[in-house]
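Okay, target.txt is below, compact mmCIF, C-alpha atoms:
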```txt
# COMPACT_ATOMS: atom_id res chain seq x y z
CA ASP A 1 35.72 -24.48 3.85
CA ALA A 2 34.56 -22.12 1.09
CA LYS A 3 32.50 -24.75 -0.67
CA THR A 4 29.17 -24.19 -2.41
CA THR A 5 26.81 -26.80 -3.82
CA GLN A 6 25.10 -26.50 -7.21
CA PRO A 7 23.19 -28.93 -9.44
CA ASN A 8 25.38 -30.44 -12.15
CA SER A 9 23.06 -29.44 -14.96
CA MET A 10 19.79 -27.69 -15.77
CA GLU A 11 17.69 -27.13 -18.85
CA SER A 12 15.55 -24.22 -19.86
CA ASN A 13 13.45 -23.22 -22.82
CA GLU A 14 14.37 -20.13 -24.75
CA GLU A 15 12.71 -16.91 -23.56
CA GLU A 16 11.65 -18.45 -20.26
CA PRO A 17 13.06 -17.43 -16.85
CA VAL A 18 15.79 -19.58 -15.33
CA HIS A 19 16.46 -19.97 -11.62
CA LEU A 20 19.90 -21.39 -10.82
CA PRO A 21 20.20 -22.46 -7.16
CA CYS A 22 23.26 -22.49 -4.94
CA ASN A 23 23.68 -23.78 -1.41
CA HIS A 24 26.28 -22.18 0.88
CA SER A 25 25.12 -23.33 4.30
CA THR A 26 28.42 -22.59 6.10
CA ILE A 27 28.68 -19.00 4.89
CA SER A 28 29.93 -16.43 7.38
CA GLY A 29 28.53 -12.97 7.89
CA THR A 30 31.08 -11.10 5.77
CA ASP A 31 31.27 -13.48 2.81
CA TYR A 32 29.93 -12.19 -0.48
CA ILE A 33 28.30 -14.46 -3.05
CA HIS A 34 29.65 -14.13 -6.57
CA TRP A 35 28.33 -15.65 -9.78
CA TYR A 36 30.40 -16.17 -12.89
CA ARG A 37 29.60 -17.94 -16.12
CA GLN A 38 31.78 -19.62 -18.72
CA LEU A 39 30.64 -19.74 -22.32
CA PRO A 40 32.09 -22.51 -24.52
CA SER A 41 35.78 -22.01 -25.31
CA GLN A 42 35.98 -18.79 -23.30
CA GLY A 43 37.22 -17.71 -19.91
CA PRO A 44 34.77 -17.16 -17.08
CA GLU A 45 32.99 -13.82 -16.98
CA TYR A 46 31.61 -12.00 -14.00
CA VAL A 47 27.81 -11.97 -13.72
CA ILE A 48 26.81 -10.50 -10.37
CA HIS A 49 27.61 -10.47 -6.67
CA GLY A 50 25.87 -9.59 -3.40
CA LEU A 51 26.03 -9.76 0.37
CA THR A 52 22.57 -9.67 1.93
CA SER A 53 19.93 -7.96 -0.16
CA ASN A 54 18.83 -8.88 -3.63
CA VAL A 55 20.84 -7.40 -6.48
CA ASN A 56 20.01 -6.62 -10.10
CA ASN A 57 22.14 -5.73 -13.08
CA ARG A 58 21.77 -5.83 -16.84
CA MET A 59 22.71 -9.51 -16.99
CA ALA A 60 20.78 -11.08 -14.12
CA SER A 61 19.27 -10.85 -10.66
CA LEU A 62 20.62 -12.39 -7.49
CA ALA A 63 18.22 -13.43 -4.75
CA ILE A 64 19.86 -14.21 -1.41
CA ALA A 65 17.91 -16.09 1.25
CA GLU A 66 17.26 -14.28 4.51
CA ASP A 67 19.50 -16.71 6.43
CA ARG A 68 22.10 -16.39 3.63
CA LYS A 69 22.52 -20.15 3.41
CA SER A 70 21.39 -20.23 -0.19
CA SER A 71 21.04 -17.98 -3.20
CA THR A 72 19.48 -18.06 -6.65
CA LEU A 73 20.73 -16.55 -9.87
CA ILE A 74 17.81 -15.47 -12.03
CA LEU A 75 18.03 -15.02 -15.78
CA HIS A 76 14.79 -13.31 -16.67
CA ARG A 77 14.53 -14.48 -20.28
CA ALA A 78 16.97 -17.17 -21.32
CA THR A 79 18.48 -16.93 -24.77
CA LEU A 80 20.58 -19.46 -26.65
CA ARG A 81 23.60 -17.29 -25.82
CA ASP A 82 23.03 -17.94 -22.11
CA ALA A 83 24.00 -21.60 -22.49
CA ALA A 84 27.07 -21.85 -20.29
CA VAL A 85 28.49 -23.23 -17.07
CA TYR A 86 27.44 -21.06 -14.13
CA TYR A 87 29.64 -20.88 -11.04
CA CYS A 88 28.45 -19.83 -7.60
CA ILE A 89 31.39 -18.75 -5.45
CA ARG A 90 31.56 -17.87 -1.80
CA ASP A 91 33.98 -14.99 -1.41
CA ASN A 92 35.78 -15.15 1.90
CA TYR A 93 38.33 -12.60 0.73
CA GLY A 94 40.91 -15.27 0.12
CA GLN A 95 43.17 -15.00 -2.87
CA ASN A 96 42.06 -18.47 -3.84
CA PHE A 97 38.68 -17.74 -5.37
CA VAL A 98 37.33 -21.29 -5.50
CA PHE A 99 35.59 -22.33 -8.73
CA GLY A 100 33.78 -25.65 -8.34
CA PRO A 101 32.34 -27.66 -11.24
CA GLY A 102 29.31 -25.29 -11.53
CA THR A 103 25.94 -25.87 -13.23
CA ARG A 104 25.83 -26.52 -16.95
CA LEU A 105 22.80 -24.69 -18.35
CA SER A 106 21.33 -25.86 -21.62
CA VAL A 107 18.84 -23.60 -23.40
CA LEU A 108 16.44 -25.28 -25.78
CA PRO A 109 15.03 -23.40 -28.78
CA ASN B 1 38.77 -2.89 -25.07
CA ALA B 2 41.22 -5.76 -25.10
CA GLY B 3 40.90 -6.61 -21.38
CA VAL B 4 43.08 -9.63 -20.62
CA THR B 5 45.10 -11.00 -23.53
CA GLN B 6 46.77 -14.41 -23.46
CA THR B 7 49.29 -15.82 -25.91
CA PRO B 8 49.55 -18.31 -27.45
CA LYS B 9 45.99 -19.63 -27.85
CA PHE B 10 47.17 -23.20 -28.50
CA GLN B 11 50.43 -25.04 -27.83
CA VAL B 12 51.66 -28.61 -28.12
CA LEU B 13 54.79 -29.59 -26.22
CA LYS B 14 56.77 -32.78 -25.83
CA THR B 15 57.50 -34.04 -22.34
CA GLY B 16 60.48 -32.19 -20.88
CA GLN B 17 60.20 -29.11 -23.08
CA SER B 18 59.82 -25.69 -21.56
CA MET B 19 57.63 -22.76 -22.47
CA THR B 20 56.24 -19.49 -21.16
CA LEU B 21 52.61 -18.47 -21.31
CA GLN B 22 52.14 -14.74 -21.64
CA CYS B 23 49.38 -12.60 -20.14
CA ALA B 24 48.79 -8.86 -20.36
CA GLN B 25 45.97 -6.67 -19.09
CA ASP B 26 45.16 -3.10 -20.08
CA MET B 27 42.77 -2.22 -17.25
CA ASN B 28 45.44 -0.89 -14.85
CA HIS B 29 44.60 -3.67 -12.41
CA ASN B 30 46.85 -4.33 -9.46
CA SER B 31 46.35 -8.08 -9.08
CA MET B 32 46.83 -10.92 -11.54
CA TYR B 33 46.25 -14.68 -11.40
CA TRP B 34 46.96 -17.91 -13.22
CA TYR B 35 44.41 -20.73 -13.14
CA ARG B 36 44.24 -24.12 -14.82
CA GLN B 37 41.08 -25.94 -15.86
CA ASP B 38 41.01 -29.66 -16.50
CA PRO B 39 38.16 -31.29 -18.46
CA GLY B 40 34.82 -31.18 -16.65
CA MET B 41 36.27 -29.44 -13.63
CA GLY B 42 36.33 -26.01 -12.13
CA LEU B 43 39.36 -23.75 -12.09
CA ARG B 44 42.30 -24.18 -9.75
CA LEU B 45 44.62 -21.35 -8.77
CA ILE B 46 48.28 -21.89 -9.66
CA TYR B 47 49.92 -18.60 -8.68
CA TYR B 48 48.84 -15.05 -8.09
CA SER B 49 50.36 -11.61 -7.83
CA ALA B 50 48.55 -9.32 -5.43
CA SER B 51 50.50 -6.31 -6.65
CA GLU B 52 53.46 -5.47 -8.86
CA GLY B 53 56.62 -7.00 -7.43
CA THR B 54 54.91 -9.75 -5.44
CA THR B 55 53.96 -13.32 -6.28
CA ASP B 56 52.52 -16.13 -4.18
CA LYS B 57 51.61 -19.78 -4.57
CA GLY B 58 48.04 -20.86 -5.04
CA GLU B 59 46.47 -24.28 -4.74
CA VAL B 60 48.53 -26.16 -7.39
CA PRO B 61 51.93 -24.43 -7.90
CA ASN B 62 54.19 -27.47 -8.41
CA GLY B 63 55.89 -27.54 -11.80
CA TYR B 64 55.31 -23.85 -12.51
CA ASN B 65 57.04 -20.53 -12.01
CA VAL B 66 55.73 -17.02 -12.54
CA SER B 67 57.07 -13.54 -13.20
CA ARG B 68 55.23 -10.27 -12.68
CA LEU B 69 57.18 -8.35 -15.28
CA ASN B 70 55.41 -5.05 -14.66
CA LYS B 71 51.91 -3.94 -13.70
CA ARG B 72 50.48 -5.09 -17.04
CA GLU B 73 52.17 -8.45 -17.56
CA PHE B 74 52.22 -11.74 -15.65
CA SER B 75 53.84 -14.78 -17.23
CA LEU B 76 53.65 -18.48 -16.35
CA ARG B 77 56.60 -20.77 -17.08
CA LEU B 78 56.69 -24.53 -17.37
CA GLU B 79 60.36 -25.53 -16.98
CA SER B 80 59.94 -29.22 -17.84
CA ALA B 81 56.49 -29.99 -19.17
CA ALA B 82 54.72 -33.20 -18.12
CA PRO B 83 51.57 -34.84 -19.55
CA SER B 84 49.80 -34.01 -16.25
CA GLN B 85 50.12 -30.34 -17.20
CA THR B 86 47.87 -30.81 -20.21
CA SER B 87 45.12 -28.33 -19.46
CA VAL B 88 43.56 -25.00 -20.36
CA TYR B 89 45.33 -22.13 -18.65
CA PHE B 90 43.51 -18.93 -17.79
CA CYS B 91 44.98 -15.63 -16.73
CA ALA B 92 42.85 -13.19 -14.77
CA SER B 93 43.16 -9.77 -13.20
CA SER B 94 41.34 -7.79 -10.54
CA GLU B 95 41.42 -4.14 -9.63
CA GLU B 96 42.52 -4.77 -6.06
CA PRO B 97 43.92 -7.80 -4.19
CA ARG B 98 41.16 -10.25 -3.42
CA SER B 99 42.29 -10.43 0.19
CA SER B 100 41.11 -6.88 0.74
CA TYR B 101 38.22 -6.30 -1.63
CA ASN B 102 35.58 -8.33 -3.39
CA SER B 103 36.90 -7.15 -6.74
CA PRO B 104 35.52 -9.17 -9.65
CA LEU B 105 37.96 -11.18 -11.71
CA HIS B 106 38.42 -10.49 -15.43
CA PHE B 107 39.60 -13.49 -17.44
CA GLY B 108 41.37 -14.01 -20.72
CA ASN B 109 40.19 -16.64 -23.19
CA GLY B 110 42.79 -19.19 -22.25
CA THR B 111 45.75 -21.12 -23.64
CA ARG B 112 45.06 -24.73 -24.56
CA LEU B 113 48.20 -26.72 -23.79
CA THR B 114 48.80 -30.34 -24.72
CA VAL B 115 51.88 -32.18 -23.47
CA THR B 116 52.64 -35.45 -25.26
```

Written form, structure tokens:
Amino acid sequence: DAKTTQPNSMESNEEEPVHLPCNHSTISGTDYIHWYRQLPSQGPEYVIHGLTSNVNNRMASLAIAEDRKSSTLILHRATLRDAAVYYCIRDNYGQNFVFGPGTRLSVLP
Amino acid sequence: NAGVTQTPKFQVLKTGQSMTLQCAQDMNHNSMYWYRQDPGMGLRLIYYSASEGTTDKGEVPNGYNVSRLNKREFSLRLESAAPSQTSVYFCASSEEPRSSYNSPLHFGNGTRLTVT
């Protein structure tokens, strides 16, 4: 079962950091964690992925717990353009990359 | 950079009509995918093509057929549309087959299909 668990929705104020949690308690040792986001009326876009250690890129940071059963996507300064649905996906190298309902992030001005 | 291009953007069909959704990518990716997204839900895989010349069923293939025309193009055909196929359809591509690599997926902006 490649399922992950995320809150349905979260709110943040503009220019504040946002921490989006994801639970993947049944993850196996070789599964990567991917994050995608979907802006309104667009297709999903890749945000970041990682295996064990924390990862940073221009869009976000990914913090993976030491036991790998959970992870957190960190947006350092939320902007109105970051309002989207964020998907946490456990990558078990299957062709069926499973997108659940995700977390809808609202950013308040 | 066009990325993944889908046509048409919108389509309305009557029950029983047929149509083909087109998808093309210009990133020289080997693998391509078709997903559908119903309101308030995540995406579900319909079909995929790990490489040129191959296609395989995903999670929800019934009522659809696909053709990997060449490395760039992957089309999705509805032979006899049904109201249950009303959805947003997304095409995606990845550099390598997802069974071998954790290649990120690149998505188009979708085709919004309504079947009445």

Could you tell me which residues of chain A sit within 10 Å of chain B when counting only C-alpha atoms, and give me the result as number ranges by chain? A: 31-36, 38, 41-50, 85, 87, 91-102

Do you know which residues lie at most 8 Å from (45.7, -5.8, -9.8), with coordinates as in the file and only C-alpha atoms counted, and could you write them as a PyMOL selection string? chain B and resi 28-32+49-52+71+93-97

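By chain and then residue number, the residues within 10 Å of Asn65 of chain B are Thr20, Ile46, Tyr47, Thr55, Lys57, Pro61, Asn62, Gly63, Ser67, Ser75, Leu76, Arg77, Leu78 and Glu79 of chain B, counting all atoms listed in the file and disregarding those fewer than 2 positions away in sequence.
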
Contacts of Pro7 of chain A at 12 Å (only C-alpha atoms; same-chain gap of 4+ positions) as a ChimeraX atom specification: /A:11,19-23,72,85-88,100-105

Between A:Leu39, A:Leu51, A:Met59, A:Leu108, which one has atoms that come closest to Leu75 of chain A, using all atoms listed in the file? A:Met59

One-decimal distance in Å that lies between atom CA of Asn56 of chain A and atom CA of Val4 of chain B: 25.5 Å

Which distance in Å separates atom CA of Thr30 of chain A and atom CA of Arg68 of chain A, to one decimal?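 Atom-to-atom, atom CA of Thr30 of chain A and atom CA of Arg68 of chain A are spaced 10.6 Å apart.
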
When you count all atoms listed in the file, which of these residues is closest to Glu73 of chain B: B:Gln85, B:Thr5, B:Gln11, B:Gln17? B:Thr5

Could you check the closest approach to Asn8 of chain A for each of A:Pro109, A:Val55, A:Ala84, A:Thr79 and tell me which residue wins, using only C-alpha atoms? A:Ala84

Coordinates-based distance that separates atom CA of Thr5 of chain A from atom CA of Lys69 of chain A (Å, one decimal): 10.7 Å

Adding 5 Å on each side of the box along x, y and z that holds all listed atoms of segment 28-35 of chain A, could you give its centre and edge lengths in Å to one decimal, as lines of an AutoDock Vina configuration file?
```
center_x = 29.8
center_y = -13.8
center_z = -0.9
size_x = 13.0
size_y = 15.3
size_z = 27.7
```
